[in-house]
Every structure is written in structure tokens, then in C-alpha cells.
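This is start.pdb (PDB, N, CA and C atoms).
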ATOM      1  N   MET A   1     148.506  63.487-121.529
ATOM      2  CA  MET A   1     149.484  63.534-120.457
ATOM      3  C   MET A   1     148.780  64.044-119.201
ATOM      4  N   ASN A   2     148.936  63.306-118.103
ATOM      5  CA  ASN A   2     148.283  63.734-116.872
ATOM      6  C   ASN A   2     149.063  64.876-116.220
ATOM      7  N   SER A   3     148.463  65.461-115.200
ATOM      8  CA  SER A   3     149.036  66.624-114.535
ATOM      9  C   SER A   3     150.405  66.332-113.920
ATOM     10  N   ARG A   4     150.539  65.168-113.279
ATOM     11  CA  ARG A   4     151.810  64.824-112.641
ATOM     12  C   ARG A   4     152.923  64.701-113.679
ATOM     13  N   ASN A   5     152.656  64.027-114.775
ATOM     14  CA  ASN A   5     153.673  63.875-115.820
ATOM     15  C   ASN A   5     154.020  65.221-116.444
ATOM     16  N   HIS A   6     153.025  66.063-116.655
ATOM     17  CA  HIS A   6     153.259  67.393-117.213
ATOM     18  C   HIS A   6     154.150  68.209-116.285
ATOM     19  N   ASP A   7     153.822  68.199-114.990
ATOM     20  CA  ASP A   7     154.615  68.952-114.023
ATOM     21  C   ASP A   7     156.034  68.397-113.916
ATOM     22  N   MET A   8     156.178  67.075-113.985
ATOM     23  CA  MET A   8     157.504  66.457-113.921
ATOM     24  C   MET A   8     158.331  66.833-115.151
ATOM     25  N   LEU A   9     157.702  66.899-116.305
ATOM     26  CA  LEU A   9     158.404  67.292-117.528
ATOM     27  C   LEU A   9     158.899  68.735-117.423
ATOM     28  N   ARG A  10     158.064  69.628-116.914
ATOM     29  CA  ARG A  10     158.477  71.025-116.724
ATOM     30  C   ARG A  10     159.652  71.108-115.755
ATOM     31  N   LEU A  11     159.537  70.398-114.644
ATOM     32  CA  LEU A  11     160.595  70.407-113.642
ATOM     33  C   LEU A  11     161.901  69.850-114.216
ATOM     34  N   SER A  12     161.811  68.753-114.924
ATOM     35  CA  SER A  12     162.999  68.124-115.517
ATOM     36  C   SER A  12     163.648  69.017-116.574
ATOM     37  N   SER A  13     162.829  69.707-117.344
ATOM     38  CA  SER A  13     163.362  70.598-118.385
ATOM     39  C   SER A  13     164.169  71.741-117.783
ATOM     40  N   VAL A  14     163.638  72.339-116.740
ATOM     41  CA  VAL A  14     164.341  73.444-116.088
ATOM     42  C   VAL A  14     165.592  72.933-115.388
ATOM     43  N   GLN A  15     165.501  71.773-114.767
ATOM     44  CA  GLN A  15     166.666  71.179-114.113
ATOM     45  C   GLN A  15     167.763  70.871-115.132
ATOM     46  N   PHE A  16     167.375  70.361-116.291
ATOM     47  CA  PHE A  16     168.341  70.062-117.351
ATOM     48  C   PHE A  16     169.051  71.334-117.803
ATOM     49  N   ALA A  17     168.294  72.402-118.026
ATOM     50  CA  ALA A  17     168.897  73.665-118.469
ATOM     51  C   ALA A  17     169.873  74.191-117.422
ATOM     52  N   ALA A  18     169.488  74.110-116.158
ATOM     53  CA  ALA A  18     170.373  74.579-115.091
ATOM     54  C   ALA A  18     171.647  73.732-115.037
ATOM     55  N   TRP A  19     171.504  72.428-115.183
ATOM     56  CA  TRP A  19     172.677  71.554-115.133
ATOM     57  C   TRP A  19     173.633  71.825-116.299
ATOM     58  N   GLU A  20     173.082  72.028-117.484
ATOM     59  CA  GLU A  20     173.930  72.329-118.644
ATOM     60  C   GLU A  20     174.694  73.633-118.434
ATOM     61  N   LEU A  21     174.020  74.638-117.884
ATOM     62  CA  LEU A  21     174.699  75.903-117.603
ATOM     63  C   LEU A  21     175.744  75.728-116.499
ATOM     64  N   HIS A  22     175.438  74.896-115.533
ATOM     65  CA  HIS A  22     176.398  74.610-114.466
ATOM     66  C   HIS A  22     177.687  74.025-115.054
ATOM     67  N   MET A  23     177.541  73.071-115.951
ATOM     68  CA  MET A  23     178.725  72.465-116.572
ATOM     69  C   MET A  23     179.469  73.477-117.439
ATOM     70  N   TYR A  24     178.736  74.319-118.157
ATOM     71  CA  TYR A  24     179.363  75.361-118.971
ATOM     72  C   TYR A  24     180.164  76.312-118.085
ATOM     73  N   LEU A  25     179.582  76.668-116.940
ATOM     74  CA  LEU A  25     180.256  77.599-116.039
ATOM     75  C   LEU A  25     181.512  77.000-115.405
ATOM     76  N   ASP A  26     181.617  75.681-115.400
ATOM     77  CA  ASP A  26     182.848  75.052-114.915
ATOM     78  C   ASP A  26     184.044  75.446-115.771
ATOM     79  N   THR A  27     183.802  75.641-117.060
ATOM     80  CA  THR A  27     184.898  76.000-117.973
ATOM     81  C   THR A  27     184.890  77.471-118.383
ATOM     82  N   HIS A  28     183.796  78.165-118.062
ATOM     83  CA  HIS A  28     183.674  79.592-118.399
ATOM     84  C   HIS A  28     183.167  80.364-117.177
ATOM     85  N   PRO A  29     183.906  80.369-116.088
ATOM     86  CA  PRO A  29     183.414  80.954-114.842
ATOM     87  C   PRO A  29     183.190  82.467-114.880
ATOM     88  N   ASN A  30     183.736  83.153-115.872
ATOM     89  CA  ASN A  30     183.591  84.606-115.944
ATOM     90  C   ASN A  30     182.456  85.059-116.866
ATOM     91  N   ASP A  31     181.692  84.127-117.399
ATOM     92  CA  ASP A  31     180.584  84.455-118.294
ATOM     93  C   ASP A  31     179.394  84.921-117.451
ATOM     94  N   LYS A  32     179.226  86.235-117.364
ATOM     95  CA  LYS A  32     178.184  86.811-116.506
ATOM     96  C   LYS A  32     176.778  86.476-116.989
ATOM     97  N   LEU A  33     176.573  86.467-118.299
ATOM     98  CA  LEU A  33     175.252  86.151-118.843
ATOM     99  C   LEU A  33     174.868  84.711-118.505
ATOM    100  N   ALA A  34     175.802  83.793-118.636
ATOM    101  CA  ALA A  34     175.527  82.394-118.304
ATOM    102  C   ALA A  34     175.218  82.249-116.818
ATOM    103  N   LYS A  35     175.934  82.979-115.983
ATOM    104  CA  LYS A  35     175.695  82.928-114.531
ATOM    105  C   LYS A  35     174.298  83.472-114.208
ATOM    106  N   GLU A  36     173.897  84.546-114.870
ATOM    107  CA  GLU A  36     172.554  85.101-114.661
ATOM    108  C   GLU A  36     171.481  84.098-115.088
ATOM    109  N   ARG A  37     171.696  83.469-116.225
ATOM    110  CA  ARG A  37     170.734  82.469-116.701
ATOM    111  C   ARG A  37     170.680  81.272-115.759
ATOM    112  N   TYR A  38     171.836  80.840-115.278
ATOM    113  CA  TYR A  38     171.885  79.734-114.327
ATOM    114  C   TYR A  38     171.068  80.078-113.078
ATOM    115  N   ASN A  39     171.291  81.270-112.545
ATOM    116  CA  ASN A  39     170.547  81.694-111.353
ATOM    117  C   ASN A  39     169.047  81.767-111.620
ATOM    118  N   LYS A  40     168.673  82.215-112.813
ATOM    119  CA  LYS A  40     167.262  82.275-113.189
ATOM    120  C   LYS A  40     166.644  80.882-113.229
ATOM    121  N   TYR A  41     167.348  79.942-113.853
ATOM    122  CA  TYR A  41     166.829  78.577-113.939
ATOM    123  C   TYR A  41     166.764  77.911-112.563
ATOM    124  N   MET A  42     167.748  78.170-111.718
ATOM    125  CA  MET A  42     167.725  77.582-110.377
ATOM    126  C   MET A  42     166.568  78.140-109.554
ATOM    127  N   ALA A  43     166.299  79.431-109.680
ATOM    128  CA  ALA A  43     165.166  80.026-108.965
ATOM    129  C   ALA A  43     163.855  79.427-109.469
ATOM    130  N   GLU A  44     163.743  79.282-110.782
ATOM    131  CA  GLU A  44     162.541  78.681-111.366
ATOM    132  C   GLU A  44     162.407  77.222-110.931
ATOM    133  N   TYR A  45     163.523  76.511-110.877
ATOM    134  CA  TYR A  45     163.508  75.113-110.447
ATOM    135  C   TYR A  45     162.981  74.992-109.018
ATOM    136  N   GLU A  46     163.449  75.846-108.136
ATOM    137  CA  GLU A  46     163.002  75.802-106.738
ATOM    138  C   GLU A  46     161.499  76.043-106.640
ATOM    139  N   ILE A  47     160.986  76.973-107.436
ATOM    140  CA  ILE A  47     159.550  77.255-107.446
ATOM    141  C   ILE A  47     158.780  76.055-107.977
ATOM    142  N   LEU A  48     159.230  75.504-109.089
ATOM    143  CA  LEU A  48     158.548  74.346-109.679
ATOM    144  C   LEU A  48     158.623  73.121-108.769
ATOM    145  N   LEU A  49     159.750  72.934-108.102
ATOM    146  CA  LEU A  49     159.894  71.807-107.191
ATOM    147  C   LEU A  49     158.912  71.933-106.025
ATOM    148  N   ALA A  50     158.818  73.113-105.449
ATOM    149  CA  ALA A  50     157.880  73.332-104.341
ATOM    150  C   ALA A  50     156.444  73.104-104.801
ATOM    151  N   GLU A  51     156.127  73.598-105.990
ATOM    152  CA  GLU A  51     154.784  73.415-106.557
ATOM    153  C   GLU A  51     154.504  71.931-106.808
ATOM    154  N   PHE A  52     155.488  71.228-107.365
ATOM    155  CA  PHE A  52     155.316  69.806-107.639
ATOM    156  C   PHE A  52     155.080  69.037-106.345
ATOM    157  N   GLU A  53     155.894  69.295-105.334
ATOM    158  CA  GLU A  53     155.767  68.560-104.080
ATOM    159  C   GLU A  53     154.468  68.898-103.360
ATOM    160  N   LYS A  54     153.993  70.125-103.519
ATOM    161  CA  LYS A  54     152.712  70.500-102.928
ATOM    162  C   LYS A  54     151.568  69.729-103.584
ATOM    163  N   ASN A  55     151.642  69.580-104.902
ATOM    164  CA  ASN A  55     150.560  68.936-105.654
ATOM    165  C   ASN A  55     150.673  67.413-105.721
ATOM    166  N   HIS A  56     151.899  66.885-105.719
ATOM    167  CA  HIS A  56     152.083  65.461-105.983
ATOM    168  C   HIS A  56     152.891  64.721-104.925
ATOM    169  N   GLY A  57     153.374  65.408-103.928
ATOM    170  CA  GLY A  57     154.191  64.782-102.897
ATOM    171  C   GLY A  57     155.666  64.881-103.229
ATOM    172  N   PRO A  58     156.509  64.523-102.262
ATOM    173  CA  PRO A  58     157.961  64.643-102.461
ATOM    174  C   PRO A  58     158.465  63.700-103.548
ATOM    175  N   ILE A  59     159.531  64.104-104.222
ATOM    176  CA  ILE A  59     160.080  63.253-105.280
ATOM    177  C   ILE A  59     161.382  62.583-104.868
ATOM    178  N   THR A  60     161.900  62.944-103.694
ATOM    179  CA  THR A  60     163.081  62.271-103.172
ATOM    180  C   THR A  60     162.830  61.908-101.721
ATOM    181  N   GLN A  61     163.524  60.900-101.251
ATOM    182  CA  GLN A  61     163.298  60.461 -99.882
ATOM    183  C   GLN A  61     163.751  61.486 -98.854
ATOM    184  N   SER A  62     164.701  62.311 -99.197
ATOM    185  CA  SER A  62     165.190  63.305 -98.251
ATOM    186  C   SER A  62     164.363  64.580 -98.255
ATOM    187  N   ALA A  63     163.423  64.676 -99.181
ATOM    188  CA  ALA A  63     162.655  65.913 -99.310
ATOM    189  C   ALA A  63     161.838  66.218 -98.051
ATOM    190  N   LYS A  64     161.109  65.256 -97.557
ATOM    191  CA  LYS A  64     160.251  65.499 -96.408
ATOM    192  C   LYS A  64     160.209  64.270 -95.512
ATOM    193  N   GLY A  65     161.349  63.836 -95.054
ATOM    194  CA  GLY A  65     161.381  62.678 -94.180
ATOM    195  C   GLY A  65     160.922  61.423 -94.893
ATOM    196  N   ASN A  66     159.976  60.712 -94.311
ATOM    197  CA  ASN A  66     159.490  59.461 -94.874
ATOM    198  C   ASN A  66     158.123  59.600 -95.534
ATOM    199  N   ALA A  67     157.669  60.814 -95.790
ATOM    200  CA  ALA A  67     156.350  61.020 -96.388
ATOM    201  C   ALA A  67     156.215  60.326 -97.742
ATOM    202  N   TRP A  68     157.316  60.209 -98.465
ATOM    203  CA  TRP A  68     157.268  59.581 -99.790
ATOM    204  C   TRP A  68     156.855  58.117 -99.702
ATOM    205  N   LEU A  69     157.055  57.489 -98.543
ATOM    206  CA  LEU A  69     156.676  56.085 -98.389
ATOM    207  C   LEU A  69     155.166  55.888 -98.372
ATOM    208  N   ALA A  70     154.422  56.935 -98.013
ATOM    209  CA  ALA A  70     152.964  56.837 -97.932
ATOM    210  C   ALA A  70     152.318  56.888 -99.318
ATOM    211  N   ASP A  71     153.022  57.431-100.294
ATOM    212  CA  ASP A  71     152.474  57.515-101.646
ATOM    213  C   ASP A  71     152.416  56.132-102.274
ATOM    214  N   PRO A  72     151.446  55.905-103.153
ATOM    215  CA  PRO A  72     151.406  54.602-103.822
ATOM    216  C   PRO A  72     152.601  54.441-104.770
ATOM    217  N   TRP A  73     153.124  53.238-104.819
ATOM    218  CA  TRP A  73     154.184  52.916-105.755
ATOM    219  C   TRP A  73     153.573  52.770-107.145
ATOM    220  N   PRO A  74     154.343  52.920-108.217
ATOM    221  CA  PRO A  74     153.766  52.845-109.570
ATOM    222  C   PRO A  74     152.949  51.588-109.811
ATOM    223  N   TRP A  75     153.378  50.446-109.285
ATOM    224  CA  TRP A  75     152.645  49.200-109.516
ATOM    225  C   TRP A  75     151.388  49.099-108.652
ATOM    226  N   GLU A  76     151.224  50.033-107.696
ATOM    227  CA  GLU A  76     150.023  50.059-106.872
ATOM    228  C   GLU A  76     148.970  51.000-107.434
ATOM    229  N   ASN A  77     149.314  51.724-108.473
ATOM    230  CA  ASN A  77     148.416  52.688-109.083
ATOM    231  C   ASN A  77     147.884  52.093-110.377
ATOM    232  N   ASP A  78     146.587  51.849-110.452
ATOM    233  CA  ASP A  78     145.977  51.212-111.608
ATOM    234  C   ASP A  78     146.281  51.961-112.911
ATOM    235  N   LYS A  79     146.295  53.275-112.882
ATOM    236  CA  LYS A  79     146.551  54.059-114.088
ATOM    237  C   LYS A  79     147.961  53.828-114.598
ATOM    238  N   GLU A  80     148.932  53.702-113.689
ATOM    239  CA  GLU A  80     150.306  53.440-114.111
ATOM    240  C   GLU A  80     150.443  52.040-114.703
ATOM    241  N   CYS A  81     149.682  51.082-114.192
ATOM    242  CA  CYS A  81     149.774  49.697-114.665
ATOM    243  C   CYS A  81     149.183  49.522-116.053
ATOM    244  N   GLU A  82     148.314  50.437-116.484
ATOM    245  CA  GLU A  82     147.652  50.325-117.773
ATOM    246  C   GLU A  82     148.572  50.652-118.929
ATOM    247  N   ARG A  83     149.713  51.225-118.644
ATOM    248  CA  ARG A  83     150.637  51.616-119.722
ATOM    249  C   ARG A  83     151.225  50.429-120.384
TER     250      ARG A  83
END
Could you express the structure from this file as C-alpha cells?
Amino acid sequence: MNSRNHDMLRLSSVQFAAWELHMYLDTHPNDKLAKERYNKYMAEYEILLAEFEKNHGPITQSAKGNAWLADPWPWENDKECER
């Protein structure tokens, strides 16, 4: 697994955990432990997202204007085409 895929997996895992807690908190808004965990995952997500974008570029078009357009598309990257 290359560095970009590894970092994306870490980011996605933390985002998934935060989203699951977010949905849980919709029905259990007074659960303080869940709220603390949600805040922890969101803080970690923000750190991982900043790290990912620093190392690999933005992952959404709104992240940094049009900078994402300068990155090669998957079909323009020989390593991605080999899969």
C-alpha cells in the first residue's frame, strides 16, 4: 500500500468513527462520553486532513480553490493504471 492510500485509509477510518458517533448522538444527545469521543475523533480528523492535504494535495474541490485541478487524474498516473 502506498503512502497516499495509507493516509486516505487512516483519514477515512477516523471520519467513519466520527460520523457513526454523530448519528448516535442524534438519538442520544445527553451521552457525555459519546460527545467527548466525537470531539476527539473530529479533532483527529482535522489533523489528519491537514496532514493529508499537505502531503498529497486537496481531496475536495472546495478545499483550496482550484488547486485540485493541477493534480494528475487517476488515469493520468501510470501507477494507478497498472491496477
In region 6-77 of chain A, DSSP alpha helix (DSSP H) residues written as an MDAnalysis selection string
chainID A and resid 6:27 32:56
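If you look at atom C of His22 (chain A) and atom N of Leu48 (chain A), they are 19.5 Å away from each other.
Closest to Arg37 (chain A) among A:Leu9, A:Ala17, A:Phe52, A:Ser3 is A:Ala17, based on only N, CA and C atoms.
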I need every residue sitting at most 6 Å from the point (164.5, 74.9, -115.0) (coordinates as in the file, all atoms listed in the file considered), written as an MDAnalysis selection string.
chainID A and resid 11 13:18 41:42 44:45
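Note that the spacing between CA of His56 (chain A) and CA of Arg4 (chain A) amounts to 6.7 Å.
Separating CA of Ala50 (chain A) from atom C of Leu33 (chain A) is a distance of 24.9 Å.
Checking A:Pro72, A:Met1, A:Met8, A:Glu20 one by one against Glu51 (chain A), counting only C-alpha atoms, you find the shortest gap at A:Met8.
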